[in-house]
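Peer 1: One structure, pasted below without further comment.
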Amino acid sequence: MPTKEMEEARSLFIRRWGEMAACWGVSRTMAEIHALLYLATEALCTDDVMDQLSVSRGSASMNLRELVNWGLITRLHRRGDRKEYFEAETNAWTMFETIVRERRRREVQPIVETIEKCLEMTEPHGAPRKSDPNDDAESCRQRLTDILEFFELMNTLFNLMMKGGHHGVPTLLKRIGKILG
């Protein structure tokens with residue numbers, strides 16, 4: 001039986017994880033379910049999630065399905081039991097990689113593709129024009145190019161972090177620190 005302090009700590013973590021996720025545009029309920037499963041020492045079924053978080057069956061089912069789609073939790077079946085059980089990835093680095101990969105796929109890649117399309121749409125047609133800093137089209141193209149370069153730089157940084165893994169990141173940070181130091 002968990003102690004009162006343990007239950008309070010668990011509840012606080014679940015609540016804060018939900019609040020943090022809400023700031024990032026992720027459903028609070030989805031994040032709270034993830035936090036509950038992350039801290040759980042055994043797989044939980046939908047009924048357990050509903051009871052422990054006081055959420056409806058529809059909300060629990062929808063958010064569990066989305067967490068499975070993100071790759072943050074796994075669906076399990078127990079022989080002789082018709083219920084589905086769920087467990088979360090508990091390796092923080094693997095969880096981080098999954099979240100970054102999914103956010104890049106769902107959010108960053110579509111905006112990068114949009115920026116590239118906008119740049120194609122604004123390419124000058126016909127004879128080249130003189131560059132005029134007061135030209136709205138040129139100004140728009142430059143700003144689009146700047147933001148695209150920023151996304152490409154961040155993409156490269158994330159790729160380096162993923163390639164280095166949880167053992168390589170401290171080394172990478174030390175080297176960056178020396179360069180900036």
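Residue numbers start at 1 in each chain; chains themselves are named A, B, ... in the order of the structure tokens; ligands are numbered from 1 in the order shown.
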Quick check for you: according to DSSP on this backbone, which residues of chain A are classed as strand (DSSP E)? Reply as a ChimeraX atom specification.
Peer 2: /A:44-45,73-77,84-88
Peer 1: Using only C-alpha atoms, determine which residues lie at most 12 Å from Thr122 in chain A, disregarding the query and same-chain residues fewer than 5 positions distant; provide the list as a VMD selection string.
Peer 2: chain A and resid 115 to 117 136 to 145
Peer 1: Taking C-alpha atoms for each residue, export the selection above as a PDB file, in the first residue's frame.
Peer 2:
```pdb
ATOM      1  CA  ILE A 115       7.839  27.427 -46.152  1.00  0.00           C
ATOM      2  CA  GLU A 116       9.537  25.649 -49.072  1.00  0.00           C
ATOM      3  CA  LYS A 117       6.305  25.876 -51.082  1.00  0.00           C
ATOM      4  CA  ASP A 136       7.939  43.504 -50.216  1.00  0.00           C
ATOM      5  CA  ALA A 137       8.469  40.315 -52.230  1.00  0.00           C
ATOM      6  CA  GLU A 138      12.206  40.309 -51.580  1.00  0.00           C
ATOM      7  CA  SER A 139      11.647  41.035 -47.900  1.00  0.00           C
ATOM      8  CA  CYS A 140       9.124  38.176 -47.679  1.00  0.00           C
ATOM      9  CA  ARG A 141      11.495  35.754 -49.425  1.00  0.00           C
ATOM     10  CA  GLN A 142      14.361  36.729 -47.124  1.00  0.00           C
ATOM     11  CA  ARG A 143      12.265  36.188 -44.006  1.00  0.00           C
ATOM     12  CA  LEU A 144      11.023  32.835 -45.283  1.00  0.00           C
ATOM     13  CA  THR A 145      14.620  31.848 -46.087  1.00  0.00           C
TER      14      THR A 145
END
```
Peer 1: Which is closest to Leu53 in chain A among A:Arg82, A:His166, A:Arg15, A:Arg104, if we use only C-alpha atoms?
Peer 2: A:Arg15
Peer 1: Can you pull out every residue within 12 Å of range 151-155 of chain A, counting only C-alpha atoms, but drop anything in the same chain fewer than 6 positions away, and send it as number ranges by chain?
Peer 2: A: 100-101, 103-105, 107-113, 115-116, 144-145, 161-162
Peer 1: Can you pull out every residue within 9 Å of range 35-46 of chain A, counting only C-alpha atoms, but drop anything in the same chain fewer than 3 positions away, and send it as a tab-separated table (two decimals) with N, CA and C atoms, in the first residue's frame?
Peer 2:
```
chain	number	residue	atom	x	y	z
A	10	ARG	N	2.85	11.27	-6.38
A	10	ARG	CA	2.33	10.72	-7.63
A	10	ARG	C	1.28	11.67	-8.23
A	11	SER	N	0.35	12.13	-7.39
A	11	SER	CA	-0.71	13.04	-7.85
A	11	SER	C	-0.13	14.36	-8.34
A	13	PHE	N	2.95	14.87	-9.56
A	13	PHE	CA	3.63	14.64	-10.83
A	13	PHE	C	2.62	14.55	-11.97
A	14	ILE	N	1.58	13.79	-11.77
A	14	ILE	CA	0.56	13.62	-12.82
A	14	ILE	C	-0.05	14.97	-13.18
A	15	ARG	N	-0.41	15.75	-12.17
A	15	ARG	CA	-1.02	17.07	-12.41
A	15	ARG	C	-0.06	18.01	-13.15
A	17	TRP	N	2.60	17.20	-14.98
A	17	TRP	CA	2.88	16.68	-16.32
A	17	TRP	C	1.75	17.10	-17.26
A	18	GLY	N	0.52	17.03	-16.77
A	18	GLY	CA	-0.63	17.47	-17.57
A	18	GLY	C	-0.60	18.96	-17.85
A	30	MET	N	-4.42	13.49	-21.97
A	30	MET	CA	-3.47	12.57	-22.58
A	30	MET	C	-2.16	12.54	-21.78
A	31	ALA	N	-1.69	13.71	-21.37
A	31	ALA	CA	-0.45	13.79	-20.61
A	31	ALA	C	-0.62	13.18	-19.22
A	32	GLU	N	-1.76	13.39	-18.59
A	32	GLU	CA	-1.98	12.81	-17.27
A	32	GLU	C	-2.02	11.28	-17.35
A	49	VAL	N	-7.38	3.35	-15.49
A	49	VAL	CA	-7.11	4.74	-15.87
A	49	VAL	C	-8.31	5.61	-15.53
A	50	MET	N	-9.51	5.12	-15.90
A	50	MET	CA	-10.74	5.87	-15.61
A	50	MET	C	-10.89	6.13	-14.12
A	51	ASP	N	-10.69	5.08	-13.32
A	51	ASP	CA	-10.85	5.19	-11.87
A	51	ASP	C	-9.82	6.13	-11.24
A	52	GLN	N	-8.57	5.97	-11.64
A	52	GLN	CA	-7.50	6.73	-10.99
A	52	GLN	C	-7.47	8.20	-11.39
A	53	LEU	N	-7.94	8.51	-12.61
A	53	LEU	CA	-7.91	9.90	-13.07
A	53	LEU	C	-9.29	10.55	-13.16
A	57	ARG	N	-14.87	6.89	-20.05
A	57	ARG	CA	-14.37	5.79	-20.88
A	57	ARG	C	-13.95	6.31	-22.26
A	60	ALA	N	-10.68	8.23	-21.91
A	60	ALA	CA	-9.58	7.31	-21.64
A	60	ALA	C	-9.21	6.54	-22.91
A	61	SER	N	-10.21	5.99	-23.59
A	61	SER	CA	-9.95	5.19	-24.80
A	61	SER	C	-9.28	6.01	-25.89
A	64	LEU	N	-5.67	6.94	-24.77
A	64	LEU	CA	-4.81	5.76	-24.78
A	64	LEU	C	-4.43	5.40	-26.22
A	73	ILE	N	3.27	4.57	-25.28
A	73	ILE	CA	2.79	3.45	-24.47
A	73	ILE	C	2.58	2.25	-25.38
A	75	ARG	N	0.33	-1.41	-25.94
A	75	ARG	CA	-0.89	-2.17	-25.62
A	75	ARG	C	-0.50	-3.62	-25.36
A	76	LEU	N	-1.00	-4.17	-24.27
A	76	LEU	CA	-0.71	-5.56	-23.90
A	76	LEU	C	-2.00	-6.35	-23.74
A	83	LYS	N	-9.68	-7.67	-21.45
A	83	LYS	CA	-9.29	-6.27	-21.33
A	83	LYS	C	-7.93	-6.04	-21.99
A	84	GLU	N	-7.75	-4.82	-22.47
A	84	GLU	CA	-6.44	-4.40	-22.96
A	84	GLU	C	-5.73	-3.69	-21.81
A	85	TYR	N	-4.46	-3.93	-21.70
A	85	TYR	CA	-3.64	-3.29	-20.68
A	85	TYR	C	-2.60	-2.42	-21.38
A	86	PHE	N	-2.11	-1.43	-20.65
A	86	PHE	CA	-1.18	-0.47	-21.23
A	86	PHE	C	-0.03	-0.23	-20.28
A	87	GLU	N	1.16	-0.08	-20.86
A	87	GLU	CA	2.33	0.31	-20.07
A	87	GLU	C	3.12	1.35	-20.84
A	88	ALA	N	3.75	2.22	-20.10
A	88	ALA	CA	4.51	3.32	-20.71
A	88	ALA	C	5.98	2.95	-20.86
A	89	GLU	N	6.62	3.58	-21.83
A	89	GLU	CA	8.07	3.52	-21.95
A	89	GLU	C	8.62	4.22	-20.71
A	90	THR	N	9.54	3.59	-20.01
A	90	THR	CA	10.06	4.20	-18.78
A	90	THR	C	11.48	4.73	-18.92
```
Peer 1: Among chain A, which residues carry a DSSP assignment of helix (DSSP H, G or I), reported as a compact mmCIF listing (two decimals) with N, CA and C atoms, in the first residue's frame?
Peer 2:
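Once everything was written out, this is part-v5.txt:
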```txt
# COMPACT_ATOMS: atom_id res chain seq x y z
N LYS A 4 0.96 7.86 2.19
CA LYS A 4 0.26 9.11 1.87
C LYS A 4 1.18 10.05 1.08
N GLU A 5 2.45 10.12 1.49
CA GLU A 5 3.41 10.98 0.81
C GLU A 5 3.63 10.52 -0.64
N MET A 6 3.69 9.19 -0.81
CA MET A 6 3.90 8.65 -2.16
C MET A 6 2.71 8.99 -3.05
N GLU A 7 1.51 8.85 -2.53
CA GLU A 7 0.30 9.18 -3.30
C GLU A 7 0.27 10.66 -3.66
N GLU A 8 0.66 11.51 -2.70
CA GLU A 8 0.70 12.96 -2.95
C GLU A 8 1.73 13.29 -4.03
N ALA A 9 2.90 12.66 -3.95
CA ALA A 9 3.95 12.90 -4.95
C ALA A 9 3.48 12.43 -6.33
N ARG A 10 2.85 11.27 -6.38
CA ARG A 10 2.33 10.72 -7.63
C ARG A 10 1.28 11.67 -8.23
N SER A 11 0.35 12.13 -7.39
CA SER A 11 -0.71 13.04 -7.85
C SER A 11 -0.13 14.36 -8.34
N LEU A 12 0.87 14.87 -7.63
CA LEU A 12 1.51 16.13 -8.02
C LEU A 12 2.20 15.97 -9.37
N PHE A 13 2.95 14.87 -9.56
CA PHE A 13 3.63 14.64 -10.83
C PHE A 13 2.62 14.55 -11.97
N ILE A 14 1.58 13.79 -11.77
CA ILE A 14 0.56 13.62 -12.82
C ILE A 14 -0.05 14.97 -13.18
N ARG A 15 -0.41 15.75 -12.17
CA ARG A 15 -1.02 17.07 -12.41
C ARG A 15 -0.06 18.01 -13.15
N ARG A 16 1.20 18.07 -12.70
CA ARG A 16 2.18 18.96 -13.33
C ARG A 16 2.51 18.52 -14.76
N TRP A 17 2.60 17.20 -14.98
CA TRP A 17 2.88 16.68 -16.32
C TRP A 17 1.75 17.10 -17.26
N GLY A 18 0.52 17.03 -16.77
CA GLY A 18 -0.63 17.47 -17.57
C GLY A 18 -0.60 18.96 -17.85
N GLU A 19 -0.23 19.75 -16.86
CA GLU A 19 -0.13 21.21 -17.05
C GLU A 19 0.96 21.55 -18.05
N MET A 20 2.10 20.89 -17.95
CA MET A 20 3.21 21.16 -18.86
C MET A 20 2.79 20.83 -20.29
N ALA A 21 2.18 19.68 -20.48
CA ALA A 21 1.78 19.25 -21.82
C ALA A 21 0.75 20.21 -22.40
N ALA A 22 -0.15 20.72 -21.57
CA ALA A 22 -1.16 21.66 -22.05
C ALA A 22 -0.49 22.92 -22.62
N CYS A 23 0.63 23.32 -22.03
CA CYS A 23 1.38 24.48 -22.54
C CYS A 23 1.98 24.19 -23.92
N ARG A 28 -4.29 17.82 -21.90
CA ARG A 28 -3.93 17.60 -20.49
C ARG A 28 -4.25 16.17 -20.09
N THR A 29 -5.40 15.67 -20.51
CA THR A 29 -5.80 14.31 -20.14
C THR A 29 -4.82 13.29 -20.72
N MET A 30 -4.42 13.49 -21.97
CA MET A 30 -3.47 12.57 -22.58
C MET A 30 -2.16 12.54 -21.78
N ALA A 31 -1.69 13.71 -21.37
CA ALA A 31 -0.45 13.79 -20.61
C ALA A 31 -0.62 13.18 -19.22
N GLU A 32 -1.76 13.39 -18.59
CA GLU A 32 -1.98 12.81 -17.27
C GLU A 32 -2.02 11.28 -17.35
N ILE A 33 -2.66 10.75 -18.40
CA ILE A 33 -2.68 9.30 -18.58
C ILE A 33 -1.26 8.79 -18.79
N HIS A 34 -0.49 9.51 -19.59
CA HIS A 34 0.90 9.12 -19.82
C HIS A 34 1.67 9.11 -18.50
N ALA A 35 1.51 10.14 -17.70
CA ALA A 35 2.21 10.23 -16.41
C ALA A 35 1.78 9.10 -15.48
N LEU A 36 0.48 8.80 -15.45
CA LEU A 36 -0.01 7.71 -14.62
C LEU A 36 0.64 6.39 -15.02
N LEU A 37 0.67 6.12 -16.33
CA LEU A 37 1.27 4.87 -16.81
C LEU A 37 2.78 4.86 -16.61
N TYR A 38 3.41 6.02 -16.74
CA TYR A 38 4.87 6.12 -16.54
C TYR A 38 5.25 5.73 -15.12
N LEU A 39 4.44 6.15 -14.16
CA LEU A 39 4.75 5.86 -12.76
C LEU A 39 4.25 4.49 -12.30
N THR A 46 -8.00 0.13 -19.13
CA THR A 46 -8.78 1.35 -19.30
C THR A 46 -9.57 1.67 -18.04
N ASP A 47 -10.15 0.66 -17.41
CA ASP A 47 -10.92 0.89 -16.18
C ASP A 47 -10.04 1.47 -15.08
N ASP A 48 -8.81 0.99 -14.97
CA ASP A 48 -7.87 1.53 -13.96
C ASP A 48 -7.61 3.01 -14.22
N VAL A 49 -7.38 3.35 -15.49
CA VAL A 49 -7.11 4.74 -15.87
C VAL A 49 -8.31 5.61 -15.53
N MET A 50 -9.51 5.12 -15.90
CA MET A 50 -10.74 5.87 -15.61
C MET A 50 -10.89 6.13 -14.12
N ASP A 51 -10.69 5.08 -13.32
CA ASP A 51 -10.85 5.19 -11.87
C ASP A 51 -9.82 6.13 -11.24
N GLN A 52 -8.57 5.97 -11.64
CA GLN A 52 -7.50 6.73 -10.99
C GLN A 52 -7.47 8.20 -11.39
N LEU A 53 -7.94 8.51 -12.61
CA LEU A 53 -7.91 9.90 -13.07
C LEU A 53 -9.29 10.55 -13.16
N ARG A 57 -14.87 6.89 -20.05
CA ARG A 57 -14.37 5.79 -20.88
C ARG A 57 -13.95 6.31 -22.26
N GLY A 58 -14.78 7.16 -22.84
CA GLY A 58 -14.46 7.70 -24.16
C GLY A 58 -13.15 8.48 -24.17
N SER A 59 -12.97 9.32 -23.15
CA SER A 59 -11.74 10.11 -23.05
C SER A 59 -10.54 9.20 -22.82
N ALA A 60 -10.68 8.23 -21.91
CA ALA A 60 -9.58 7.31 -21.64
C ALA A 60 -9.21 6.54 -22.91
N SER A 61 -10.21 5.99 -23.59
CA SER A 61 -9.95 5.19 -24.80
C SER A 61 -9.28 6.01 -25.89
N MET A 62 -9.82 7.20 -26.14
CA MET A 62 -9.28 8.06 -27.19
C MET A 62 -7.83 8.45 -26.89
N ASN A 63 -7.55 8.82 -25.64
CA ASN A 63 -6.21 9.26 -25.28
C ASN A 63 -5.22 8.09 -25.21
N LEU A 64 -5.67 6.94 -24.77
CA LEU A 64 -4.81 5.76 -24.78
C LEU A 64 -4.43 5.40 -26.22
N ARG A 65 -5.40 5.44 -27.12
CA ARG A 65 -5.14 5.15 -28.53
C ARG A 65 -4.11 6.14 -29.10
N GLU A 66 -4.26 7.41 -28.76
CA GLU A 66 -3.33 8.42 -29.26
C GLU A 66 -1.93 8.21 -28.68
N LEU A 67 -1.83 7.84 -27.42
CA LEU A 67 -0.52 7.56 -26.82
C LEU A 67 0.14 6.34 -27.47
N VAL A 68 -0.66 5.34 -27.83
CA VAL A 68 -0.13 4.19 -28.57
C VAL A 68 0.37 4.66 -29.93
N ASN A 69 -0.42 5.52 -30.62
CA ASN A 69 -0.02 6.04 -31.93
C ASN A 69 1.28 6.84 -31.85
N TRP A 70 1.49 7.55 -30.76
CA TRP A 70 2.72 8.31 -30.57
C TRP A 70 3.90 7.39 -30.28
N ALA A 92 13.73 7.43 -19.93
CA ALA A 92 13.51 8.86 -20.22
C ALA A 92 14.09 9.27 -21.57
N TRP A 93 15.27 8.75 -21.91
CA TRP A 93 15.89 9.12 -23.19
C TRP A 93 15.06 8.60 -24.36
N THR A 94 14.62 7.36 -24.28
CA THR A 94 13.81 6.79 -25.36
C THR A 94 12.50 7.56 -25.49
N MET A 95 11.92 7.92 -24.35
CA MET A 95 10.69 8.71 -24.35
C MET A 95 10.93 10.07 -25.03
N PHE A 96 12.02 10.72 -24.69
CA PHE A 96 12.37 12.01 -25.29
C PHE A 96 12.54 11.87 -26.80
N GLU A 97 13.26 10.84 -27.23
CA GLU A 97 13.46 10.61 -28.66
C GLU A 97 12.13 10.42 -29.38
N THR A 98 11.25 9.66 -28.78
CA THR A 98 9.93 9.40 -29.37
C THR A 98 9.14 10.70 -29.51
N ILE A 99 9.13 11.50 -28.45
CA ILE A 99 8.39 12.76 -28.48
C ILE A 99 8.97 13.70 -29.53
N VAL A 100 10.29 13.83 -29.58
CA VAL A 100 10.94 14.71 -30.56
C VAL A 100 10.64 14.23 -31.97
N ARG A 101 10.77 12.94 -32.20
CA ARG A 101 10.52 12.37 -33.54
C ARG A 101 9.07 12.64 -33.98
N GLU A 102 8.13 12.42 -33.08
CA GLU A 102 6.72 12.62 -33.42
C GLU A 102 6.39 14.10 -33.61
N ARG A 103 6.92 14.94 -32.76
CA ARG A 103 6.65 16.38 -32.90
C ARG A 103 7.24 16.91 -34.20
N ARG A 104 8.42 16.43 -34.55
CA ARG A 104 9.02 16.85 -35.82
C ARG A 104 8.15 16.41 -36.98
N ARG A 105 7.69 15.17 -36.94
CA ARG A 105 6.86 14.63 -38.02
C ARG A 105 5.51 15.34 -38.11
N ARG A 106 4.90 15.61 -36.98
CA ARG A 106 3.56 16.17 -36.95
C ARG A 106 3.52 17.69 -37.08
N GLU A 107 4.56 18.37 -36.58
CA GLU A 107 4.51 19.83 -36.51
C GLU A 107 5.58 20.52 -37.34
N VAL A 108 6.82 20.10 -37.17
CA VAL A 108 7.92 20.81 -37.83
C VAL A 108 7.94 20.52 -39.34
N GLN A 109 7.85 19.25 -39.71
CA GLN A 109 7.93 18.91 -41.14
C GLN A 109 6.85 19.60 -41.97
N PRO A 110 5.59 19.64 -41.52
CA PRO A 110 4.57 20.35 -42.33
C PRO A 110 4.87 21.84 -42.51
N ILE A 111 5.41 22.51 -41.48
CA ILE A 111 5.70 23.93 -41.64
C ILE A 111 6.91 24.13 -42.54
N VAL A 112 7.90 23.23 -42.45
CA VAL A 112 9.06 23.32 -43.35
C VAL A 112 8.60 23.16 -44.80
N GLU A 113 7.73 22.18 -45.04
CA GLU A 113 7.21 21.97 -46.39
C GLU A 113 6.42 23.18 -46.87
N THR A 114 5.66 23.80 -45.97
CA THR A 114 4.90 25.00 -46.33
C THR A 114 5.84 26.16 -46.67
N ILE A 115 6.88 26.35 -45.88
CA ILE A 115 7.84 27.43 -46.15
C ILE A 115 8.51 27.20 -47.50
N GLU A 116 8.92 25.96 -47.77
CA GLU A 116 9.54 25.65 -49.07
C GLU A 116 8.58 25.95 -50.22
N LYS A 117 7.31 25.60 -50.05
CA LYS A 117 6.31 25.88 -51.08
C LYS A 117 6.12 27.39 -51.26
N CYS A 118 6.09 28.11 -50.16
CA CYS A 118 5.96 29.57 -50.24
C CYS A 118 7.15 30.19 -50.97
N LEU A 119 8.35 29.68 -50.71
CA LEU A 119 9.53 30.18 -51.41
C LEU A 119 9.44 29.90 -52.91
N GLU A 120 8.98 28.70 -53.27
CA GLU A 120 8.79 28.38 -54.69
C GLU A 120 7.77 29.32 -55.31
N MET A 121 6.69 29.60 -54.60
CA MET A 121 5.63 30.46 -55.12
C MET A 121 6.09 31.89 -55.31
N ASP A 136 8.70 44.41 -51.08
CA ASP A 136 7.94 43.50 -50.22
C ASP A 136 8.20 42.04 -50.55
N ALA A 137 8.25 41.70 -51.82
CA ALA A 137 8.47 40.32 -52.23
C ALA A 137 9.84 39.84 -51.78
N GLU A 138 10.84 40.67 -51.98
CA GLU A 138 12.21 40.31 -51.58
C GLU A 138 12.30 40.18 -50.06
N SER A 139 11.66 41.08 -49.36
CA SER A 139 11.65 41.03 -47.90
C SER A 139 10.96 39.75 -47.42
N CYS A 140 9.85 39.40 -48.03
CA CYS A 140 9.12 38.18 -47.68
C CYS A 140 10.00 36.95 -47.93
N ARG A 141 10.63 36.89 -49.09
CA ARG A 141 11.49 35.75 -49.43
C ARG A 141 12.65 35.63 -48.44
N GLN A 142 13.24 36.76 -48.06
CA GLN A 142 14.36 36.73 -47.12
C GLN A 142 13.92 36.21 -45.77
N ARG A 143 12.76 36.65 -45.31
CA ARG A 143 12.27 36.19 -44.01
C ARG A 143 11.92 34.70 -44.04
N LEU A 144 11.32 34.26 -45.14
CA LEU A 144 11.02 32.84 -45.28
C LEU A 144 12.32 32.02 -45.31
N THR A 145 13.32 32.53 -46.02
CA THR A 145 14.62 31.85 -46.09
C THR A 145 15.26 31.78 -44.70
N ASP A 146 15.18 32.88 -43.96
CA ASP A 146 15.76 32.92 -42.60
C ASP A 146 15.10 31.88 -41.69
N ILE A 147 13.78 31.80 -41.71
CA ILE A 147 13.11 30.86 -40.82
C ILE A 147 13.36 29.42 -41.27
N LEU A 148 13.47 29.19 -42.58
CA LEU A 148 13.78 27.86 -43.08
C LEU A 148 15.18 27.44 -42.63
N GLU A 149 16.14 28.35 -42.72
CA GLU A 149 17.50 28.05 -42.27
C GLU A 149 17.52 27.75 -40.77
N PHE A 150 16.70 28.48 -39.99
CA PHE A 150 16.60 28.22 -38.56
C PHE A 150 16.10 26.79 -38.31
N PHE A 151 15.00 26.40 -38.99
CA PHE A 151 14.47 25.05 -38.83
C PHE A 151 15.49 24.00 -39.25
N GLU A 152 16.22 24.25 -40.31
CA GLU A 152 17.24 23.29 -40.76
C GLU A 152 18.36 23.16 -39.73
N LEU A 153 18.74 24.26 -39.13
CA LEU A 153 19.77 24.25 -38.09
C LEU A 153 19.29 23.47 -36.86
N MET A 154 18.06 23.71 -36.44
CA MET A 154 17.51 22.98 -35.29
C MET A 154 17.37 21.49 -35.61
N ASN A 155 17.00 21.19 -36.83
CA ASN A 155 16.90 19.80 -37.27
C ASN A 155 18.25 19.11 -37.19
N THR A 156 19.29 19.79 -37.62
CA THR A 156 20.65 19.25 -37.55
C THR A 156 21.05 19.01 -36.09
N LEU A 157 20.73 19.97 -35.22
CA LEU A 157 21.04 19.83 -33.80
C LEU A 157 20.32 18.63 -33.20
N PHE A 158 19.04 18.48 -33.49
CA PHE A 158 18.29 17.33 -32.98
C PHE A 158 18.85 16.03 -33.53
N ASN A 159 19.24 16.00 -34.81
CA ASN A 159 19.82 14.80 -35.39
C ASN A 159 21.13 14.42 -34.69
N LEU A 160 21.94 15.42 -34.37
CA LEU A 160 23.18 15.16 -33.64
C LEU A 160 22.89 14.60 -32.24
N MET A 161 21.89 15.17 -31.58
CA MET A 161 21.53 14.69 -30.25
C MET A 161 21.04 13.24 -30.32
N MET A 162 20.22 12.94 -31.31
CA MET A 162 19.69 11.58 -31.44
C MET A 162 20.81 10.60 -31.80
N LYS A 163 21.72 11.04 -32.64
CA LYS A 163 22.82 10.17 -33.04
C LYS A 163 23.74 9.89 -31.85
N GLY A 164 23.97 10.91 -31.04
CA GLY A 164 24.84 10.76 -29.88
C GLY A 164 24.19 9.94 -28.77
N GLY A 165 22.88 9.97 -28.71
CA GLY A 165 22.18 9.23 -27.67
C GLY A 165 22.44 9.79 -26.29
N HIS A 166 21.90 9.12 -25.30
CA HIS A 166 22.01 9.65 -23.95
C HIS A 166 23.44 9.61 -23.41
N HIS A 167 24.31 8.83 -24.02
CA HIS A 167 25.71 8.82 -23.59
C HIS A 167 26.52 9.90 -24.30
N GLY A 168 26.11 10.25 -25.53
CA GLY A 168 26.87 11.21 -26.31
C GLY A 168 26.52 12.66 -26.03
N VAL A 169 25.32 12.92 -25.53
CA VAL A 169 24.88 14.30 -25.31
C VAL A 169 25.75 15.03 -24.29
N PRO A 170 26.12 14.44 -23.16
CA PRO A 170 27.01 15.18 -22.24
C PRO A 170 28.33 15.60 -22.90
N THR A 171 28.89 14.73 -23.73
CA THR A 171 30.12 15.07 -24.46
C THR A 171 29.86 16.23 -25.41
N LEU A 172 28.75 16.14 -26.14
CA LEU A 172 28.37 17.21 -27.07
C LEU A 172 28.22 18.54 -26.32
N LEU A 173 27.55 18.51 -25.18
CA LEU A 173 27.35 19.73 -24.40
C LEU A 173 28.67 20.30 -23.89
N LYS A 174 29.59 19.44 -23.46
CA LYS A 174 30.90 19.92 -23.00
C LYS A 174 31.64 20.62 -24.14
N ARG A 175 31.59 20.01 -25.33
CA ARG A 175 32.28 20.61 -26.48
C ARG A 175 31.64 21.94 -26.86
N ILE A 176 30.32 22.01 -26.86
CA ILE A 176 29.64 23.27 -27.16
C ILE A 176 30.02 24.30 -26.10
N GLY A 177 30.06 23.87 -24.83
CA GLY A 177 30.44 24.78 -23.74
C GLY A 177 31.83 25.35 -23.92
N LYS A 178 32.78 24.51 -24.37
CA LYS A 178 34.13 24.99 -24.61
C LYS A 178 34.18 25.99 -25.75
N ILE A 179 33.39 25.72 -26.80
CA ILE A 179 33.36 26.62 -27.95
C ILE A 179 32.78 27.98 -27.54
N LEU A 180 31.72 27.93 -26.74
CA LEU A 180 31.04 29.17 -26.33
C LEU A 180 31.71 29.84 -25.13
```
Peer 1: Can you work out the spacing between CA of Thr74 in chain A and CA of Pro2 in chain A in Å, to one decimal?
Peer 2: 24.7 Å
Peer 1: Expressed in Å to a single decimal, how great is the separation between CA of Ser54 in chain A and CA of Arg78 in chain A?
Peer 2: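 Value for the CA of Ser54 in chain A-CA of Arg78 in chain A distance: 24.2 Å.
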